[in-house]
Amino acid sequence: VNCLAEARCQVIGQTCVNWAHCTGTTPDDIRRICAQISDKCGAKYLMMGLCLVDALLAVGVKRISVSNGYYQDVWADGINRFLSQAGFEIVWSGTMVDQGLYDSDEEMHRIAEENDWVFSSHDVVQSIYQAHVAAPNADAVVQTGFGFRTRTRTSTIEALIGKPLITSDMSLYWAMLKEMKLTPVPGSGELMDTL
């Protein structure tokens, strides 16, 4: 972070949702940690896990269905706890194994490692869509994990599910754009429309 700040970066985004809760920290703890790091380095420091919370608050949802995608159970439990601590009601959550997209955690993680933890468009769309189907009464679908890249698919998926899609990657991009007072490319989804 210091090296990036010394290189005159004004906003520094940290990927990996799990860093926000891996030691049992709460959203308030992470907000405080981010402020301390920002003060020390002189640039705005954003953690993806907290950006996910802030994005959900920005679109004004309460009840969520969570696609934990490729997460191990301990990761899913951690982010679900973190989201609950932030005040969201989790109506449903599950991984691609829970959804039947993969037969086992071992198979899912083998595919993840073979593809540098970036999953196919098919897996991304199917997991998010199935999270919607599992809890159609949720206000939004949340997708955790940076290995699900959604920037070019968010609007299409939102049209398919009929509600906001709040994803790890788009939450971080949204927070960075907001901090820099920039606007996104039109048609980037409901979250980006809040800028």
# chains A, B, ... in the order shown; residues from 1 in each chain; ligands from 1
$ residues_around --residues "Asn80 of chain A" --least-positions-apart "6" --cutoff "9 Å" --atoms "only C-alpha atoms" --output "PyMOL selection string"
chain A and resi 66+68+90+93
$ write_last_selection --atoms "N, CA and C atoms" --output "compact mmCIF listing (two decimals), in the first residue's frame"
# COMPACT_ATOMS: atom_id res chain seq x y z
N VAL A 66 -27.19 -15.33 -1.49
CA VAL A 66 -25.74 -15.23 -1.69
C VAL A 66 -25.21 -16.42 -2.49
N ASN A 68 -22.12 -18.08 -3.12
CA ASN A 68 -20.76 -18.17 -2.62
C ASN A 68 -19.83 -18.88 -3.61
N ILE A 90 -29.80 -12.98 5.27
CA ILE A 90 -29.45 -13.94 4.22
C ILE A 90 -30.58 -14.95 4.11
N SER A 93 -27.95 -19.14 0.87
CA SER A 93 -26.57 -19.05 0.40
C SER A 93 -26.08 -20.44 0.05
$ residues_around --residues "segment 109-114 of chain A" --least-positions-apart "6" --cutoff "12 Å" --atoms "only C-alpha atoms" --output "VMD selection string"
chain A and resid 69 to 72 95 to 97 101 to 103 120 123 145 to 148
$ residues_around --residues "segment 43-58 of chain A" --least-positions-apart "6" --cutoff "9 Å" --atoms "only C-alpha atoms" --output "ChimeraX atom specification"
/A:1-2,4-5,8-21,27,30-31,34-37,79,82-83,86,88,140,142,144,146,166-176,179,191,194
$ select_by_dssp --residues "segment 88-150 of chain A" --states "alpha helix (DSSP H)" --output "mmCIF file with all heavy atoms, in the first residue's frame"
data_model
loop_
_atom_site.group_PDB
_atom_site.id
_atom_site.type_symbol
_atom_site.label_atom_id
_atom_site.label_comp_id
_atom_site.auth_asym_id
_atom_site.auth_seq_id
_atom_site.Cartn_x
_atom_site.Cartn_y
_atom_site.Cartn_z
ATOM 1 N N ASP A 105 -16.211 -30.494 -3.693
ATOM 2 C CA ASP A 105 -15.297 -29.374 -3.461
ATOM 3 C C ASP A 105 -13.965 -29.627 -4.164
ATOM 4 O O ASP A 105 -13.358 -28.704 -4.714
ATOM 5 C CB ASP A 105 -15.048 -29.169 -1.966
ATOM 6 C CG ASP A 105 -16.218 -28.522 -1.254
ATOM 7 O OD1 ASP A 105 -17.054 -27.876 -1.915
ATOM 8 O OD2 ASP A 105 -16.304 -28.666 -0.015
ATOM 9 N N GLU A 106 -13.520 -30.884 -4.155
ATOM 10 C CA GLU A 106 -12.245 -31.226 -4.784
ATOM 11 C C GLU A 106 -12.277 -30.924 -6.281
ATOM 12 O O GLU A 106 -11.326 -30.349 -6.823
ATOM 13 C CB GLU A 106 -11.904 -32.708 -4.546
ATOM 14 C CG GLU A 106 -11.626 -33.057 -3.086
ATOM 15 C CD GLU A 106 -12.888 -33.141 -2.214
ATOM 16 O OE1 GLU A 106 -13.985 -33.376 -2.745
ATOM 17 O OE2 GLU A 106 -12.748 -32.936 -0.997
ATOM 18 N N GLU A 107 -13.360 -31.319 -6.945
ATOM 19 C CA GLU A 107 -13.479 -31.044 -8.382
ATOM 20 C C GLU A 107 -13.505 -29.531 -8.636
ATOM 21 O O GLU A 107 -12.810 -29.021 -9.518
ATOM 22 C CB GLU A 107 -14.757 -31.682 -8.944
ATOM 23 C CG GLU A 107 -14.968 -31.375 -10.419
ATOM 24 C CD GLU A 107 -16.352 -31.754 -10.932
ATOM 25 O OE1 GLU A 107 -17.270 -31.996 -10.120
ATOM 26 O OE2 GLU A 107 -16.506 -31.780 -12.168
ATOM 27 N N MET A 108 -14.291 -28.814 -7.844
ATOM 28 C CA MET A 108 -14.413 -27.368 -8.015
ATOM 29 C C MET A 108 -13.060 -26.681 -7.812
ATOM 30 O O MET A 108 -12.672 -25.815 -8.596
ATOM 31 C CB MET A 108 -15.455 -26.822 -7.038
ATOM 32 C CG MET A 108 -15.713 -25.349 -7.164
ATOM 33 S SD MET A 108 -17.092 -24.816 -6.116
ATOM 34 C CE MET A 108 -16.506 -25.227 -4.470
ATOM 35 N N HIS A 109 -12.318 -27.088 -6.800
ATOM 36 C CA HIS A 109 -11.034 -26.449 -6.536
ATOM 37 C C HIS A 109 -9.958 -26.856 -7.543
ATOM 38 O O HIS A 109 -9.054 -26.074 -7.846
ATOM 39 C CB HIS A 109 -10.604 -26.710 -5.095
ATOM 40 C CG HIS A 109 -11.460 -25.942 -4.139
ATOM 41 N ND1 HIS A 109 -12.222 -26.539 -3.177
ATOM 42 C CD2 HIS A 109 -11.718 -24.617 -4.047
ATOM 43 C CE1 HIS A 109 -12.900 -25.624 -2.526
ATOM 44 N NE2 HIS A 109 -12.630 -24.456 -3.029
ATOM 45 N N ARG A 110 -10.071 -28.041 -8.086
ATOM 46 C CA ARG A 110 -9.146 -28.438 -9.161
ATOM 47 C C ARG A 110 -9.353 -27.536 -10.374
ATOM 48 O O ARG A 110 -8.393 -27.010 -10.946
ATOM 49 C CB ARG A 110 -9.365 -29.907 -9.542
ATOM 50 C CG ARG A 110 -8.431 -30.381 -10.665
ATOM 51 C CD ARG A 110 -8.694 -31.832 -11.044
ATOM 52 N NE ARG A 110 -10.088 -32.120 -11.360
ATOM 53 C CZ ARG A 110 -10.693 -31.805 -12.512
ATOM 54 N NH1 ARG A 110 -10.028 -31.174 -13.466
ATOM 55 N NH2 ARG A 110 -11.952 -32.123 -12.724
ATOM 56 N N ILE A 111 -10.622 -27.316 -10.752
ATOM 57 C CA ILE A 111 -10.934 -26.425 -11.880
ATOM 58 C C ILE A 111 -10.454 -25.015 -11.577
ATOM 59 O O ILE A 111 -9.895 -24.322 -12.439
ATOM 60 C CB ILE A 111 -12.457 -26.431 -12.172
ATOM 61 C CG1 ILE A 111 -12.926 -27.825 -12.587
ATOM 62 C CG2 ILE A 111 -12.834 -25.383 -13.202
ATOM 63 C CD1 ILE A 111 -12.344 -28.350 -13.865
ATOM 64 N N ALA A 112 -10.652 -24.569 -10.346
ATOM 65 C CA ALA A 112 -10.217 -23.224 -9.945
ATOM 66 C C ALA A 112 -8.712 -23.069 -10.122
ATOM 67 O O ALA A 112 -8.242 -22.094 -10.725
ATOM 68 C CB ALA A 112 -10.609 -22.961 -8.499
ATOM 69 N N GLU A 113 -7.955 -24.026 -9.617
ATOM 70 C CA GLU A 113 -6.501 -23.930 -9.712
ATOM 71 C C GLU A 113 -6.013 -24.017 -11.154
ATOM 72 O O GLU A 113 -5.080 -23.319 -11.543
ATOM 73 C CB GLU A 113 -5.856 -25.003 -8.844
ATOM 74 C CG GLU A 113 -6.014 -24.699 -7.366
ATOM 75 C CD GLU A 113 -5.444 -25.771 -6.458
ATOM 76 O OE1 GLU A 113 -4.755 -26.697 -6.954
ATOM 77 O OE2 GLU A 113 -5.692 -25.670 -5.248
ATOM 78 N N GLU A 114 -6.661 -24.856 -11.959
ATOM 79 C CA GLU A 114 -6.277 -24.977 -13.369
ATOM 80 C C GLU A 114 -6.516 -23.688 -14.140
ATOM 81 O O GLU A 114 -5.867 -23.441 -15.158
ATOM 82 C CB GLU A 114 -7.052 -26.116 -14.038
ATOM 83 C CG GLU A 114 -6.603 -27.497 -13.610
ATOM 84 C CD GLU A 114 -7.492 -28.611 -14.158
ATOM 85 O OE1 GLU A 114 -8.438 -28.317 -14.935
ATOM 86 O OE2 GLU A 114 -7.245 -29.773 -13.794
ATOM 87 N N SER A 121 -17.794 -18.044 -17.914
ATOM 88 C CA SER A 121 -19.050 -17.288 -17.964
ATOM 89 C C SER A 121 -20.226 -18.180 -17.606
ATOM 90 O O SER A 121 -21.143 -17.752 -16.912
ATOM 91 C CB SER A 121 -19.269 -16.697 -19.358
ATOM 92 O OG SER A 121 -18.276 -15.764 -19.649
ATOM 93 N N HIS A 122 -20.202 -19.416 -18.072
ATOM 94 C CA HIS A 122 -21.291 -20.354 -17.778
ATOM 95 C C HIS A 122 -21.440 -20.544 -16.268
ATOM 96 O O HIS A 122 -22.539 -20.451 -15.728
ATOM 97 C CB HIS A 122 -21.038 -21.694 -18.460
ATOM 98 C CG HIS A 122 -22.066 -22.726 -18.103
ATOM 99 N ND1 HIS A 122 -21.900 -23.599 -17.048
ATOM 100 C CD2 HIS A 122 -23.284 -22.986 -18.637
ATOM 101 C CE1 HIS A 122 -22.978 -24.375 -16.948
ATOM 102 N NE2 HIS A 122 -23.831 -24.023 -17.901
ATOM 103 N N ASP A 123 -20.335 -20.824 -15.583
ATOM 104 C CA ASP A 123 -20.387 -21.026 -14.133
ATOM 105 C C ASP A 123 -20.882 -19.777 -13.419
ATOM 106 O O ASP A 123 -21.695 -19.858 -12.502
ATOM 107 C CB ASP A 123 -19.014 -21.405 -13.584
ATOM 108 C CG ASP A 123 -18.618 -22.839 -13.899
ATOM 109 O OD1 ASP A 123 -19.478 -23.619 -14.362
ATOM 110 O OD2 ASP A 123 -17.442 -23.182 -13.673
ATOM 111 N N VAL A 124 -20.382 -18.626 -13.830
ATOM 112 C CA VAL A 124 -20.758 -17.358 -13.195
ATOM 113 C C VAL A 124 -22.260 -17.130 -13.314
ATOM 114 O O VAL A 124 -22.960 -16.909 -12.319
ATOM 115 C CB VAL A 124 -19.976 -16.181 -13.815
ATOM 116 C CG1 VAL A 124 -20.504 -14.851 -13.314
ATOM 117 C CG2 VAL A 124 -18.482 -16.317 -13.529
ATOM 118 N N VAL A 125 -22.761 -17.191 -14.531
ATOM 119 C CA VAL A 125 -24.188 -16.910 -14.766
ATOM 120 C C VAL A 125 -25.063 -17.961 -14.089
ATOM 121 O O VAL A 125 -26.056 -17.623 -13.433
ATOM 122 C CB VAL A 125 -24.489 -16.807 -16.279
ATOM 123 C CG1 VAL A 125 -25.988 -16.683 -16.524
ATOM 124 C CG2 VAL A 125 -23.743 -15.618 -16.884
ATOM 125 N N GLN A 126 -24.712 -19.229 -14.220
ATOM 126 C CA GLN A 126 -25.530 -20.284 -13.628
ATOM 127 C C GLN A 126 -25.580 -20.185 -12.104
ATOM 128 O O GLN A 126 -26.644 -20.342 -11.499
ATOM 129 C CB GLN A 126 -25.006 -21.666 -14.048
ATOM 130 C CG GLN A 126 -25.385 -22.043 -15.452
ATOM 131 C CD GLN A 126 -26.895 -22.042 -15.643
ATOM 132 O OE1 GLN A 126 -27.645 -22.642 -14.880
ATOM 133 N NE2 GLN A 126 -27.347 -21.345 -16.679
ATOM 134 N N SER A 127 -24.460 -19.926 -11.476
ATOM 135 C CA SER A 127 -24.443 -19.839 -10.021
ATOM 136 C C SER A 127 -25.279 -18.660 -9.524
ATOM 137 O O SER A 127 -26.054 -18.791 -8.573
ATOM 138 C CB SER A 127 -23.002 -19.723 -9.516
ATOM 139 O OG SER A 127 -22.985 -19.701 -8.102
ATOM 140 N N ILE A 128 -25.148 -17.530 -10.181
ATOM 141 C CA ILE A 128 -25.926 -16.353 -9.786
ATOM 142 C C ILE A 128 -27.412 -16.588 -10.045
ATOM 143 O O ILE A 128 -28.261 -16.288 -9.193
ATOM 144 C CB ILE A 128 -25.408 -15.100 -10.510
ATOM 145 C CG1 ILE A 128 -24.008 -14.737 -9.992
ATOM 146 C CG2 ILE A 128 -26.377 -13.935 -10.342
ATOM 147 C CD1 ILE A 128 -23.279 -13.706 -10.827
ATOM 148 N N TYR A 129 -27.728 -17.142 -11.200
ATOM 149 C CA TYR A 129 -29.132 -17.399 -11.528
ATOM 150 C C TYR A 129 -29.747 -18.387 -10.537
ATOM 151 O O TYR A 129 -30.864 -18.181 -10.050
ATOM 152 C CB TYR A 129 -29.270 -17.918 -12.960
ATOM 153 C CG TYR A 129 -30.710 -18.185 -13.319
ATOM 154 C CD1 TYR A 129 -31.595 -17.125 -13.532
ATOM 155 C CD2 TYR A 129 -31.195 -19.480 -13.414
ATOM 156 C CE1 TYR A 129 -32.929 -17.363 -13.843
ATOM 157 C CE2 TYR A 129 -32.524 -19.720 -13.720
ATOM 158 C CZ TYR A 129 -33.385 -18.664 -13.935
ATOM 159 O OH TYR A 129 -34.710 -18.893 -14.225
ATOM 160 N N GLN A 130 -29.020 -19.442 -10.203
ATOM 161 C CA GLN A 130 -29.554 -20.421 -9.257
ATOM 162 C C GLN A 130 -29.717 -19.831 -7.857
ATOM 163 O O GLN A 130 -30.638 -20.207 -7.128
ATOM 164 C CB GLN A 130 -28.663 -21.661 -9.224
ATOM 165 C CG GLN A 130 -28.825 -22.511 -10.477
ATOM 166 C CD GLN A 130 -28.127 -23.836 -10.374
ATOM 167 O OE1 GLN A 130 -27.984 -24.402 -9.294
ATOM 168 N NE2 GLN A 130 -27.690 -24.359 -11.511
ATOM 169 N N ALA A 131 -28.865 -18.886 -7.483
ATOM 170 C CA ALA A 131 -29.046 -18.196 -6.194
ATOM 171 C C ALA A 131 -30.345 -17.396 -6.210
ATOM 172 O O ALA A 131 -31.052 -17.326 -5.194
ATOM 173 C CB ALA A 131 -27.855 -17.291 -5.899
ATOM 174 N N HIS A 132 -30.682 -16.821 -7.341
ATOM 175 C CA HIS A 132 -31.962 -16.112 -7.478
ATOM 176 C C HIS A 132 -33.135 -17.089 -7.383
ATOM 177 O O HIS A 132 -34.103 -16.846 -6.655
ATOM 178 C CB HIS A 132 -32.007 -15.356 -8.811
ATOM 179 C CG HIS A 132 -33.383 -14.999 -9.252
ATOM 180 N ND1 HIS A 132 -34.178 -14.094 -8.568
ATOM 181 C CD2 HIS A 132 -34.130 -15.456 -10.276
ATOM 182 C CE1 HIS A 132 -35.349 -14.006 -9.183
ATOM 183 N NE2 HIS A 132 -35.341 -14.824 -10.216
ATOM 184 N N VAL A 133 -33.057 -18.186 -8.098
ATOM 185 C CA VAL A 133 -34.135 -19.176 -8.113
ATOM 186 C C VAL A 133 -34.357 -19.757 -6.710
ATOM 187 O O VAL A 133 -35.488 -19.999 -6.298
ATOM 188 C CB VAL A 133 -33.835 -20.296 -9.144
ATOM 189 C CG1 VAL A 133 -34.797 -21.460 -8.996
ATOM 190 C CG2 VAL A 133 -33.891 -19.731 -10.558
ATOM 191 N N ALA A 134 -33.275 -19.939 -5.963
ATOM 192 C CA ALA A 134 -33.374 -20.511 -4.617
ATOM 193 C C ALA A 134 -34.058 -19.566 -3.636
ATOM 194 O O ALA A 134 -34.609 -20.012 -2.632
ATOM 195 C CB ALA A 134 -31.986 -20.873 -4.093
#
$ atom_distance --atom1 "atom CA of Asp39 of chain A" --atom2 "atom CA of Lys178 of chain A"
18.5 Å
$ select_by_dssp --residues "segment 8-179 of chain A" --states "strand (DSSP E)" --output "compact mmCIF listing (two decimals) with N, CA and C atoms, in the first residue's frame"
# COMPACT_ATOMS: atom_id res chain seq x y z
N VAL A 11 -6.24 6.11 -4.92
CA VAL A 11 -7.16 5.10 -4.40
C VAL A 11 -6.52 3.74 -4.61
N ILE A 12 -6.52 2.94 -3.56
CA ILE A 12 -5.92 1.61 -3.62
C ILE A 12 -6.99 0.59 -3.24
N GLY A 13 -7.28 -0.33 -4.15
CA GLY A 13 -8.28 -1.35 -3.91
C GLY A 13 -7.64 -2.69 -3.68
N GLN A 14 -8.05 -3.36 -2.61
CA GLN A 14 -7.52 -4.67 -2.26
C GLN A 14 -8.56 -5.73 -2.62
N LYS A 44 -6.58 6.68 -0.31
CA LYS A 44 -7.77 5.98 0.14
C LYS A 44 -7.58 4.49 -0.07
N TYR A 45 -7.74 3.70 0.99
CA TYR A 45 -7.57 2.25 0.95
C TYR A 45 -8.94 1.59 1.07
N LEU A 46 -9.27 0.74 0.11
CA LEU A 46 -10.57 0.07 0.07
C LEU A 46 -10.38 -1.44 0.08
N MET A 47 -11.11 -2.12 0.98
CA MET A 47 -11.11 -3.58 1.02
C MET A 47 -12.38 -4.11 0.36
N ARG A 63 -32.86 -8.05 2.30
CA ARG A 63 -32.88 -9.51 2.20
C ARG A 63 -32.08 -9.95 0.97
N ILE A 64 -31.09 -10.82 1.19
CA ILE A 64 -30.19 -11.19 0.09
C ILE A 64 -30.08 -12.71 -0.06
N SER A 65 -29.83 -13.11 -1.30
CA SER A 65 -29.47 -14.49 -1.61
C SER A 65 -28.02 -14.44 -2.04
N VAL A 66 -27.19 -15.33 -1.49
CA VAL A 66 -25.74 -15.23 -1.69
C VAL A 66 -25.21 -16.42 -2.49
N SER A 67 -24.65 -16.12 -3.65
CA SER A 67 -23.92 -17.10 -4.43
C SER A 67 -22.48 -17.08 -3.93
N GLU A 89 -30.19 -9.68 5.91
CA GLU A 89 -30.81 -10.98 6.17
C GLU A 89 -30.50 -11.90 4.99
N ILE A 90 -29.80 -12.98 5.27
CA ILE A 90 -29.45 -13.94 4.22
C ILE A 90 -30.58 -14.95 4.11
N VAL A 91 -31.29 -14.89 3.01
CA VAL A 91 -32.42 -15.77 2.76
C VAL A 91 -31.94 -17.14 2.29
N TRP A 92 -30.86 -17.16 1.52
CA TRP A 92 -30.26 -18.40 1.02
C TRP A 92 -28.80 -18.11 0.72
N SER A 93 -27.95 -19.14 0.87
CA SER A 93 -26.57 -19.05 0.40
C SER A 93 -26.08 -20.44 0.05
N GLY A 94 -25.14 -20.50 -0.88
CA GLY A 94 -24.58 -21.78 -1.26
C GLY A 94 -23.47 -21.63 -2.28
N ALA A 140 -32.02 -8.76 -3.50
CA ALA A 140 -30.86 -8.73 -4.39
C ALA A 140 -30.14 -10.06 -4.31
N VAL A 141 -29.35 -10.33 -5.35
CA VAL A 141 -28.44 -11.47 -5.32
C VAL A 141 -27.04 -10.91 -5.11
N VAL A 142 -26.33 -11.52 -4.17
CA VAL A 142 -24.96 -11.14 -3.86
C VAL A 142 -24.06 -12.27 -4.35
N GLN A 143 -22.98 -11.91 -5.00
CA GLN A 143 -22.01 -12.90 -5.45
C GLN A 143 -20.68 -12.57 -4.81
N LEU A 165 -27.91 -7.08 -8.81
CA LEU A 165 -26.84 -8.04 -8.62
C LEU A 165 -25.67 -7.28 -8.04
N ILE A 166 -25.27 -7.63 -6.84
CA ILE A 166 -24.17 -6.96 -6.16
C ILE A 166 -23.02 -7.97 -6.06
N THR A 167 -21.95 -7.70 -6.79
CA THR A 167 -20.86 -8.65 -6.88
C THR A 167 -19.57 -8.08 -6.29
$ residues_around --residues "Ser188 of chain A" --least-positions-apart "5" --cutoff "9 Å" --atoms "only C-alpha atoms" --output "list in words"
Arg151, Thr152, Arg153, Thr154, Ser155, Met170 and Asp193 of chain A
$ atom_distance --atom1 "atom CA of Asp73 of chain A" --atom2 "atom CA of Arg32 of chain A"
26.9 Å
$ atom_distance --atom1 "atom CA of Ile161 of chain A" --atom2 "atom CA of Trp117 of chain A"
25.0 Å
